[in-house]
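Novice: Sharing coords.csv, CSV, C-alpha atoms and all ligand atoms:
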chain,number,residue,atom,x,y,z
Q,939,MET,CA,37.9,2.9,-35.8
Q,940,GLU,CA,38.7,6.2,-37.5
Q,941,ASP,CA,35.6,7.8,-35.9
Q,942,GLY,CA,36.8,6.7,-32.5
Q,943,GLU,CA,40.3,8.2,-33.1
Q,944,GLN,CA,38.7,11.5,-34.3
Q,945,ARG,CA,36.5,11.7,-31.2
Q,946,GLU,CA,39.5,11.1,-29.0
Q,947,TRP,CA,41.4,13.9,-30.8
Q,948,GLY,CA,38.3,16.1,-30.4
Q,949,ALA,CA,38.2,15.4,-26.7
Q,950,LYS,CA,41.9,16.2,-26.4
Q,951,ALA,CA,41.5,19.5,-28.4
Q,952,TRP,CA,38.5,20.5,-26.2
Q,953,THR,CA,40.6,19.8,-23.1
Q,954,TYR,CA,43.4,22.0,-24.4
Q,955,LEU,CA,41.1,24.8,-25.5
Q,956,SER,CA,39.4,24.7,-22.0
Q,957,SER,CA,42.8,25.0,-20.4
Q,958,VAL,CA,43.8,28.0,-22.5
Q,959,ARG,CA,40.5,29.6,-21.4
Q,960,SER,CA,41.0,28.8,-17.7
Q,961,LEU,CA,44.7,29.4,-17.5
Q,962,SER,CA,45.0,32.3,-20.0
Q,963,PRO,CA,48.6,31.8,-20.8
Q,964,LEU,CA,50.7,35.0,-21.4
Q,965,ILE,CA,52.2,34.9,-24.9
Q,966,GLN,CA,55.0,37.3,-25.9
Q,967,CYS,CA,54.5,38.0,-29.6
Q,968,ILE,CA,57.3,39.4,-31.7
Q,969,THR,CA,55.4,39.5,-35.0
Q,970,ASN,CA,55.0,41.4,-38.2
Q,971,PHE,CA,53.1,44.7,-38.6
Q,972,VAL,CA,50.5,43.1,-40.9
Q,973,SER,CA,49.5,40.4,-38.4
Q,974,MET,CA,49.6,42.2,-35.0
Q,975,ASP,CA,45.9,43.0,-34.8
Q,976,LEU,CA,44.6,39.6,-36.0
Q,977,THR,CA,47.1,37.8,-33.9
Q,978,ALA,CA,46.2,39.6,-30.7
Q,979,ASN,CA,42.5,39.3,-31.3
Q,980,THR,CA,42.8,35.6,-32.1
Q,981,LEU,CA,44.7,34.9,-28.9
Q,982,LEU,CA,42.2,36.9,-26.8
Q,983,SER,CA,39.2,35.1,-28.4
Q,984,ALA,CA,40.9,31.8,-27.5
Q,985,GLY,CA,41.3,32.9,-23.9
Q,986,ALA,CA,45.0,33.6,-24.0
Q,987,SER,CA,46.8,36.9,-23.1
Q,988,PRO,CA,48.8,38.4,-25.9
Q,989,ALA,CA,51.6,41.0,-25.4
Q,990,MET,CA,53.4,42.5,-28.4
Q,991,LEU,CA,56.6,43.4,-26.6
Q,992,HIS,CA,59.7,43.3,-28.8
Q,993,SER,CA,62.4,45.6,-27.5
Q,994,PRO,CA,65.6,43.9,-26.5
Q,995,ASN,CA,65.7,46.3,-23.6
Q,996,GLU,CA,62.5,44.7,-22.3
Q,997,SER,CA,62.9,41.0,-23.1
Q,998,PRO,CA,65.4,40.3,-20.2
Q,999,ASP,CA,62.6,41.4,-17.8
Q,1000,PHE,CA,59.6,40.3,-19.7
Q,1001,THR,CA,60.4,36.9,-21.3
Q,1002,PRO,CA,61.0,35.2,-17.9
Q,1003,GLN,CA,57.3,36.1,-17.1
Q,1004,VAL,CA,55.7,34.6,-20.2
Q,1005,ASN,CA,54.2,31.1,-20.7
Q,1006,ALA,CA,55.3,31.0,-24.4
Q,1007,LEU,CA,57.1,33.1,-27.0
Q,1008,TYR,CA,56.0,33.6,-30.6
Q,1009,ILE,CA,58.4,34.9,-33.2
Q,1010,ASN,CA,57.3,35.7,-36.7
Q,1011,VAL,CA,59.7,37.1,-39.3
Q,1012,GLY,CA,57.0,38.5,-41.7
Q,1013,THR,CA,58.2,42.1,-41.8
Q,1014,LEU,CA,61.8,41.4,-40.8
Q,1015,SER,CA,64.3,44.2,-40.6
Q,1016,ASP,CA,67.9,44.6,-39.5
Q,1017,ASN,CA,67.1,46.0,-36.1
Q,1018,TRP,CA,64.3,43.5,-35.2
Q,1019,LEU,CA,66.4,40.5,-35.8
Q,1020,PRO,CA,68.7,40.9,-32.7
Q,1021,ALA,CA,65.5,41.4,-30.6
Q,1022,MET,CA,64.1,38.1,-31.9
Q,1023,GLU,CA,67.4,36.3,-31.3
Q,1024,LEU,CA,67.6,37.6,-27.8
Q,1025,ALA,CA,64.1,36.6,-26.8
Q,1026,ALA,CA,64.6,33.2,-28.4
Q,1027,GLN,CA,67.8,32.7,-26.5
Q,1028,LEU,CA,66.1,33.7,-23.2
Q,1029,ALA,CA,63.2,31.4,-23.9
Q,1030,SER,CA,65.5,28.4,-24.6
Q,1031,LYS,CA,67.6,29.1,-21.6
Q,1032,LEU,CA,64.5,29.3,-19.4
Q,1033,ASN,CA,63.0,26.2,-20.9
Q,1034,LYS,CA,59.9,28.1,-22.1
Q,1035,PRO,CA,58.2,26.9,-25.3
Q,1036,TRP,CA,58.7,29.1,-28.3
Q,1037,VAL,CA,57.2,28.9,-31.7
Q,1038,LEU,CA,58.6,30.2,-35.0
Q,1039,ASP,CA,56.7,31.4,-38.1
Q,1040,PRO,CA,59.3,31.6,-40.9
Q,1041,VAL,CA,57.2,33.8,-43.2
Q,1042,ALA,CA,58.6,33.9,-46.7
Q,1043,ALA,CA,61.8,32.0,-45.6
Q,1044,GLY,CA,62.9,31.4,-49.1
Q,1045,ALA,CA,62.3,35.0,-50.4
Q,1046,SER,CA,65.8,36.3,-49.8
Q,1047,ARG,CA,69.2,35.2,-48.5
Q,1048,PHE,CA,68.9,37.6,-45.5
Q,1049,ARG,CA,65.6,36.1,-44.5
Q,1050,LEU,CA,66.7,32.5,-45.0
Q,1051,LYS,CA,69.8,33.0,-42.9
Q,1052,ALA,CA,67.8,34.7,-40.2
Q,1053,CYS,CA,65.3,31.8,-40.0
Q,1054,LEU,CA,68.1,29.2,-40.0
Q,1055,ASP,CA,69.9,31.1,-37.2
Q,1056,LEU,CA,66.6,31.3,-35.2
Q,1057,ILE,CA,66.1,27.6,-35.7
Q,1058,SER,CA,69.5,27.0,-34.2
Q,1059,LEU,CA,68.0,28.5,-31.0
Q,1060,LYS,CA,65.8,25.5,-30.7
Q,1061,PRO,CA,62.1,26.5,-31.3
Q,1062,THR,CA,59.6,24.0,-29.9
Q,1063,VAL,CA,57.4,24.3,-33.0
Q,1064,ILE,CA,58.1,25.7,-36.5
Q,1065,ARG,CA,54.8,26.5,-38.5
Q,1066,GLY,CA,55.0,27.5,-42.1
Q,1067,ASN,CA,53.4,27.0,-45.5
Q,1068,ALA,CA,54.8,24.3,-47.8
Q,1069,SER,CA,57.2,26.6,-49.7
Q,1070,GLU,CA,58.7,28.0,-46.5
Q,1071,ILE,CA,59.3,24.5,-45.0
Q,1072,ILE,CA,60.8,23.3,-48.3
Q,1073,ALA,CA,63.2,26.4,-48.4
Q,1074,LEU,CA,64.3,25.7,-44.8
Q,1075,ALA,CA,64.8,22.0,-45.2
Q,1076,LYS,CA,66.9,22.6,-48.3
Q,1077,ALA,CA,68.5,25.8,-46.9
Q,1078,SER,CA,67.9,27.3,-50.3
Q,1079,PHE,CA,66.3,30.6,-51.3
Q,1080,ALA,CA,63.9,31.3,-54.3
Q,1081,SER,CA,61.5,28.4,-53.6
Q,1082,THR,CA,58.6,30.7,-52.6
Q,1083,LYS,CA,56.2,33.3,-54.0
Q,1084,GLY,CA,56.8,36.0,-51.3
Q,1085,VAL,CA,54.6,35.2,-48.3
Q,1086,ASP,CA,52.3,32.9,-50.2
Q,1087,SER,CA,53.0,29.2,-51.0
Q,1088,SER,CA,53.7,28.0,-54.4
Q,1089,HIS,CA,53.5,24.3,-53.3
Q,1090,ASP,CA,50.8,22.1,-51.9
Q,1091,SER,CA,51.2,21.1,-48.3
Q,1092,THR,CA,51.6,17.4,-49.4
Q,1093,ASP,CA,54.7,18.4,-51.4
Q,1094,ALA,CA,56.4,19.3,-48.1
Q,1095,VAL,CA,56.0,16.1,-46.2
Q,1096,GLU,CA,59.5,14.9,-46.6
Q,1097,ALA,CA,60.9,18.4,-46.1
Q,1098,ALA,CA,58.9,18.8,-42.9
Q,1099,LYS,CA,60.2,15.4,-41.5
Q,1100,SER,CA,63.7,16.3,-42.4
Q,1101,LEU,CA,63.5,19.8,-40.8
Q,1102,ALA,CA,61.9,18.2,-37.6
Q,1103,ASN,CA,64.8,15.7,-37.4
Q,1104,SER,CA,67.5,18.3,-38.0
Q,1105,SER,CA,66.1,21.0,-35.7
Q,1106,GLY,CA,64.4,18.9,-32.9
Q,1107,ALA,CA,61.3,21.0,-33.4
Q,1108,VAL,CA,57.8,19.8,-34.2
Q,1109,VAL,CA,57.0,21.1,-37.7
Q,1110,ALA,CA,53.5,22.1,-38.9
Q,1111,VAL,CA,52.5,22.9,-42.5
Q,1112,LEU,CA,49.3,24.5,-43.5
Q,1113,GLY,CA,47.6,23.8,-46.8
Q,1114,ALA,CA,44.5,22.0,-48.2
Q,1115,VAL,CA,45.5,19.3,-45.6
Q,1116,ASP,CA,47.3,20.7,-42.6
Q,1117,PHE,CA,49.8,18.4,-41.0
Q,1118,VAL,CA,52.2,18.2,-38.1
Q,1119,THR,CA,55.3,16.0,-37.7
Q,1120,ASP,CA,58.0,15.4,-35.1
Q,1121,GLY,CA,60.1,13.7,-37.8
Q,1122,ASN,CA,58.7,10.3,-37.0
Q,1123,ARG,CA,54.9,10.5,-36.6
Q,1124,ILE,CA,52.6,12.6,-38.8
Q,1125,VAL,CA,49.1,13.7,-38.1
Q,1126,GLY,CA,46.8,15.5,-40.5
Q,1127,ALA,CA,44.2,18.1,-39.6
Q,1128,ARG,CA,41.4,18.5,-42.2
Q,1129,ASN,CA,39.6,21.5,-40.8
Q,1130,GLY,CA,39.4,25.0,-42.2
Q,1131,VAL,CA,38.0,26.6,-45.3
Q,1132,PRO,CA,39.9,27.8,-48.4
Q,1133,MET,CA,38.6,31.4,-47.8
Q,1134,MET,CA,41.0,31.6,-44.8
Q,1135,GLN,CA,43.8,32.0,-47.3
Q,1136,LYS,CA,42.2,35.3,-48.5
Q,1137,ILE,CA,42.6,37.0,-45.1
Q,1138,THR,CA,46.1,38.2,-44.6
Q,1139,ALA,CA,47.9,36.8,-41.6
Q,1140,THR,CA,45.5,34.0,-40.8
Q,1141,GLY,CA,48.6,31.7,-41.0
Q,1142,CYS,CA,50.4,34.0,-38.5
Q,1143,ALA,CA,47.3,33.8,-36.2
Q,1144,PHE,CA,47.3,30.0,-36.5
Q,1145,THR,CA,51.0,30.0,-35.3
Q,1146,ALA,CA,50.2,32.3,-32.4
Q,1147,LEU,CA,47.4,30.0,-31.4
Q,1148,ILE,CA,49.8,27.1,-31.5
Q,1149,ALA,CA,52.0,29.0,-29.0
Q,1150,ALA,CA,49.0,29.4,-26.6
Q,1151,PHE,CA,48.2,25.6,-26.9
Q,1152,VAL,CA,51.8,24.6,-26.5
Q,1153,ALA,CA,52.1,26.8,-23.4
Q,1154,ILE,CA,49.5,24.6,-21.7
Q,1155,ASP,CA,51.4,21.3,-22.2
Q,1156,PRO,CA,54.9,21.9,-23.7
Q,1157,SER,CA,55.9,18.3,-23.4
Q,1158,HIS,CA,53.2,17.3,-25.9
Q,1159,ALA,CA,54.0,19.8,-28.7
Q,1160,MET,CA,52.6,17.5,-31.5
Q,1161,GLU,CA,49.2,17.1,-29.8
Q,1162,THR,CA,48.8,20.7,-28.8
Q,1163,THR,CA,49.9,21.9,-32.2
Q,1164,ALA,CA,47.5,19.6,-34.1
Q,1165,SER,CA,44.7,20.6,-31.7
Q,1166,ALA,CA,45.3,24.3,-32.2
Q,1167,LEU,CA,45.2,23.9,-36.0
Q,1168,ALA,CA,42.0,21.9,-35.9
Q,1169,VAL,CA,40.3,24.2,-33.4
Q,1170,PHE,CA,41.0,27.4,-35.5
Q,1171,GLY,CA,39.9,25.4,-38.6
Q,1172,VAL,CA,36.6,24.5,-36.9
Q,1173,ALA,CA,36.1,28.2,-36.0
Q,1174,GLY,CA,36.7,29.0,-39.7
Q,1175,GLU,CA,34.1,26.4,-40.8
Q,1176,LEU,CA,31.5,27.9,-38.4
Q,1177,GLY,CA,32.4,31.5,-39.4
Q,1178,MET,CA,32.0,30.6,-43.1
Q,1179,GLU,CA,28.4,29.7,-42.5
Q,1180,THR,CA,27.6,33.4,-42.0
Q,1181,ALA,CA,30.4,35.1,-43.9
Q,1182,ARG,CA,30.0,36.8,-47.3
Q,1183,GLY,CA,33.7,37.1,-48.1
Q,1184,PRO,CA,37.1,37.4,-46.5
Q,1185,ALA,CA,36.4,40.6,-44.6
Q,1186,SER,CA,33.3,39.3,-42.9
Q,1187,LEU,CA,35.0,35.9,-42.4
Q,1188,ARG,CA,37.7,37.6,-40.4
Q,1189,THR,CA,35.1,38.9,-38.0
Q,1190,TYR,CA,33.0,35.7,-37.8
Q,1191,LEU,CA,36.2,33.6,-37.4
Q,1192,ILE,CA,37.1,35.5,-34.2
Q,1193,ASP,CA,33.5,35.4,-33.0
Q,1194,SER,CA,33.3,31.6,-33.6
Q,1195,LEU,CA,36.6,30.9,-31.9
Q,1196,HIS,CA,35.4,32.8,-28.9
Q,1197,GLY,CA,32.1,30.9,-28.8
Q,1198,LEU,CA,33.3,27.4,-29.5
Q,1199,ASP,CA,31.6,24.9,-27.2
Q,1200,GLN,CA,32.3,21.3,-26.4
Q,1201,THR,CA,29.9,19.8,-28.9
Q,1202,ALA,CA,31.3,21.9,-31.8
Q,1203,VAL,CA,34.9,21.0,-31.0
Q,1204,ILE,CA,34.4,17.3,-30.3
Q,1205,SER,CA,32.2,16.7,-33.3
Q,1206,GLY,CA,34.1,19.2,-35.6
Q,1207,VAL,CA,37.7,18.3,-35.1
Q,1208,LYS,CA,39.1,16.2,-38.0
Q,1209,ILE,CA,42.6,15.0,-37.0
Q,1210,THR,CA,43.9,11.6,-38.0
Q,1211,ALA,CA,47.3,9.9,-38.1
Q,1212,ILE,CA,48.7,9.8,-41.6
S,1301,LIG,N1,44.9,24.9,-50.9
S,1301,LIG,C1,44.2,25.1,-49.8
S,1301,LIG,N2,42.9,24.7,-49.7
S,1301,LIG,C2,42.2,24.9,-48.6
S,1301,LIG,N3,42.6,25.6,-47.5
S,1301,LIG,C3,43.9,26.0,-47.6
S,1301,LIG,C4,44.7,25.8,-48.7
S,1301,LIG,N4,45.9,26.4,-48.4
S,1301,LIG,C5,45.8,26.9,-47.2
S,1301,LIG,N5,44.6,26.7,-46.7
S,1301,LIG,C6,44.1,27.1,-45.3
S,1301,LIG,O1,44.2,28.5,-45.3
S,1301,LIG,C7,44.6,29.0,-44.0
S,1301,LIG,C8,45.8,29.9,-44.1
S,1301,LIG,O2,46.9,29.2,-44.7
S,1301,LIG,P1,47.9,30.0,-45.7
S,1301,LIG,O3,48.4,29.0,-46.7
S,1301,LIG,O4,47.4,31.3,-46.2
S,1301,LIG,O5,49.1,30.2,-44.6
S,1301,LIG,P2,50.2,31.2,-44.7
S,1301,LIG,O6,50.6,31.4,-46.1
S,1301,LIG,O7,51.4,30.8,-43.8
S,1301,LIG,O8,49.5,32.5,-44.1
S,1301,LIG,P3,50.0,34.0,-43.9
S,1301,LIG,O9,49.4,34.7,-45.0
S,1301,LIG,O10,49.6,34.3,-42.5
S,1301,LIG,O11,51.5,33.9,-44.0
S,1301,LIG,C9,44.8,27.7,-43.2
S,1301,LIG,O12,43.6,27.4,-42.6
S,1301,LIG,C10,45.0,26.6,-44.2
S,1301,LIG,O13,44.6,25.3,-43.8
S,1302,LIG,C1,51.5,40.3,-46.5
S,1302,LIG,C2,52.6,40.1,-45.6
S,1302,LIG,N1,53.9,40.6,-45.9
S,1302,LIG,C3,54.8,40.4,-45.0
S,1302,LIG,S1,54.2,39.6,-43.6
S,1302,LIG,C4,52.6,39.5,-44.3
S,1302,LIG,C5,51.5,38.9,-43.6
S,1302,LIG,C6,51.2,37.5,-44.0
S,1302,LIG,O1,52.2,36.7,-43.8
S,1303,MG,MG,52.8,32.2,-43.4
Mind turning this structure into structure tokens?
Specialist:
Amino acid sequence: MEDGEQREWGAKAWTYLSSVRSLSPLIQCITNFVSMDLTANTLLSAGASPAMLHSPNESPDFTPQVNALYINVGTLSDNWLPAMELAAQLASKLNKPWVLDPVAAGASRFRLKACLDLISLKPTVIRGNASEIIALAKASFASTKGVDSSHDSTDAVEAAKSLANSSGAVVAVLGAVDFVTDGNRIVGARNGVPMMQKITATGCAFTALIAAFVAIDPSHAMETTASALAVFGVAGELGMETARGPASLRTYLIDSLHGLDQTAVISGVKITAI
């Protein structure tokens, strides 16, 4: 029974990855300086088309052209926040999917408020680590260790459900077990390798990949999000077979994502309802 369910998810994930490859969705990324390179390369390896355009002078022309918007507050500053808010407003108004990565949401009052304000602009998906999702659900700062998590993903299940219910977004949490919830259903993705935590911005790249998958089928944000998490996780597992440490894994991860075939996805994806 479980095997059948997993193969069904594998088939779904393969269909979504194939669509990303054939449709090459255009993804506007307003993301942090640390993650820009890995994010753009991850999207390209998956078959999507990344564009790191963030000026508020450009978004009124550019956001209407994109298939999805990705906003990541990792290196947030006073002058970038209005650019993020403008792009999010445009995406919401135009009914385009947009995805938020609330990096270090609980690290300062400024960041927490910025994330909560962005969430009021109705993201389709919010993807964080456990500490970020707990900080957002409680609207309280100081529950994080900078950009890293000080909680297990399983500590954040109730917080994720509550955030999904209050925001209307699908919420995804990475950890030893990655999971996705719409406030009602929960699915877990058990792909990936611990070494992925040792490459800065892999979480950010995961979130960008979610934007590319959600762009394919915005009305099924749970399914596309879980598929994106599992697919990148499978790429990590394959990459780890050759990698000698974080630096080579970064390279092999991108190569593996680019080379994933139907057999690897269908037999590798480990998604189950929790
Ligand atoms: N405890 C863990 N055991 C195994 N894998 C983990 C664990 N925690 C996270 N991961 C995996 O590491 C990857 C990156 O997750 P991480 O927790 O570093 O995200 P993040 O903190 O949001 O990332 P970023 O550094 O981009 O902000 C994911 O594949 C996730 O599944
Ligand atoms: C290390 C770091 N600092 C701000 S953003 C970022 C990338 C991982 O989130
Ligand atoms: Mg993160």
Novice: Please identify all polymer residues within 7 Å of Q:Ala1153, counting all atoms listed in the file, omitting same-chain residues fewer than 4 positions from it, and present them as a list of chain:residue names.
Specialist: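 Listing them by chain and then by number gives Q:Pro963, Q:Asn1005, Q:Ala1006, Q:Pro1035, Q:Ala1149.
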Novice: Write out as a ChimeraX atom specification the residues lying within 12 Å of Q:Ser1100, counting all atoms listed in the file and excluding same-chain residues fewer than 6 positions away.
Specialist: /Q:1071-1077,1094,1106-1109,1119-1122
Novice: Smallest atom-to-atom distance to Q:Ser1015: which of Q:Ser983, Q:Asn970, Q:Ser997, Q:Ser962, using all atoms listed in the file?
Specialist: Q:Asn970
Novice: Go through Q:Thr1162, Q:Ser1058, Q:Thr1145, Q:Gln944 and flag the residue nearest ligand LIG 1302 (chain S), using only C-alpha atoms and all ligand atoms for the distances.
Specialist: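 Of the candidates, the smallest distance to ligand LIG 1302 (chain S) is held by Q:Thr1145.
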Novice: Please compute the atom CA of Q:Pro1002-atom CA of Q:Leu1050 distance, one decimal, in Å.
Specialist: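 These two atoms are separated by 27.8 Å.
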Novice: Tell me which of Q:Thr1062, Q:Asn1017, Q:Asn995, Q:Gln1135 sits closest to ligand LIG 1302 (chain S), counting only C-alpha atoms and all ligand atoms.
Specialist: Q:Gln1135
Novice: Which one is closest to ligand LIG 1301 (chain S): Q:Leu1007, Q:Leu1167, Q:Leu1038, Q:Met990? Count all atoms listed in the file.
Specialist: Q:Leu1167
Novice: I need the residue nearest ligand LIG 1301 (chain S) from this list: Q:Leu1024, Q:Val1011, Q:Val972, Q:Ala1114. Use all atoms listed in the file for the distance.
Specialist: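 Checking each candidate against ligand LIG 1301 (chain S), we get Q:Ala1114 as the closest.
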Novice: Would you pull stretch 1109-1121 of chain Q out of the block just shown and save N, CA, C and O atoms as a short mmCIF file (atom, residue, chain, number, x, y, z; two decimals), in the first residue's frame?
Specialist:
data_model
loop_
_atom_site.label_atom_id
_atom_site.label_comp_id
_atom_site.auth_asym_id
_atom_site.auth_seq_id
_atom_site.Cartn_x
_atom_site.Cartn_y
_atom_site.Cartn_z
N VAL Q 1109 2.56 25.54 3.74
CA VAL Q 1109 3.79 25.77 4.51
C VAL Q 1109 4.67 24.52 4.42
O VAL Q 1109 4.20 23.41 4.65
N ALA Q 1110 5.94 24.72 4.07
CA ALA Q 1110 6.89 23.61 3.98
C ALA Q 1110 8.04 23.83 4.96
O ALA Q 1110 8.53 24.95 5.10
N VAL Q 1111 8.44 22.77 5.65
CA VAL Q 1111 9.52 22.85 6.64
C VAL Q 1111 10.58 21.81 6.28
O VAL Q 1111 10.26 20.63 6.10
N LEU Q 1112 11.84 22.26 6.21
CA LEU Q 1112 12.94 21.31 5.95
C LEU Q 1112 13.55 20.87 7.26
O LEU Q 1112 13.61 21.62 8.22
N GLY Q 1113 14.04 19.65 7.26
CA GLY Q 1113 14.72 19.10 8.44
C GLY Q 1113 15.08 17.67 8.13
O GLY Q 1113 15.17 17.29 6.96
N ALA Q 1114 15.28 16.85 9.16
CA ALA Q 1114 15.60 15.44 8.92
C ALA Q 1114 14.46 14.82 8.10
O ALA Q 1114 14.69 14.06 7.17
N VAL Q 1115 13.22 15.15 8.48
CA VAL Q 1115 12.06 14.83 7.64
C VAL Q 1115 11.52 16.17 7.14
O VAL Q 1115 11.23 17.05 7.95
N ASP Q 1116 11.42 16.33 5.83
CA ASP Q 1116 10.80 17.56 5.30
C ASP Q 1116 9.30 17.31 5.27
O ASP Q 1116 8.86 16.19 5.02
N PHE Q 1117 8.51 18.34 5.56
CA PHE Q 1117 7.07 18.13 5.41
C PHE Q 1117 6.38 19.38 4.86
O PHE Q 1117 6.92 20.49 4.90
N VAL Q 1118 5.18 19.16 4.35
CA VAL Q 1118 4.38 20.21 3.71
C VAL Q 1118 2.97 20.11 4.24
O VAL Q 1118 2.42 19.00 4.34
N THR Q 1119 2.36 21.25 4.58
CA THR Q 1119 0.97 21.21 5.05
C THR Q 1119 0.17 22.38 4.49
O THR Q 1119 0.71 23.46 4.25
N ASP Q 1120 -1.12 22.13 4.31
CA ASP Q 1120 -2.03 23.22 3.96
C ASP Q 1120 -2.88 23.58 5.17
O ASP Q 1120 -3.88 24.28 5.04
N GLY Q 1121 -2.50 23.09 6.34
CA GLY Q 1121 -3.25 23.37 7.56
C GLY Q 1121 -4.15 22.21 7.93
O GLY Q 1121 -4.59 22.07 9.07
#
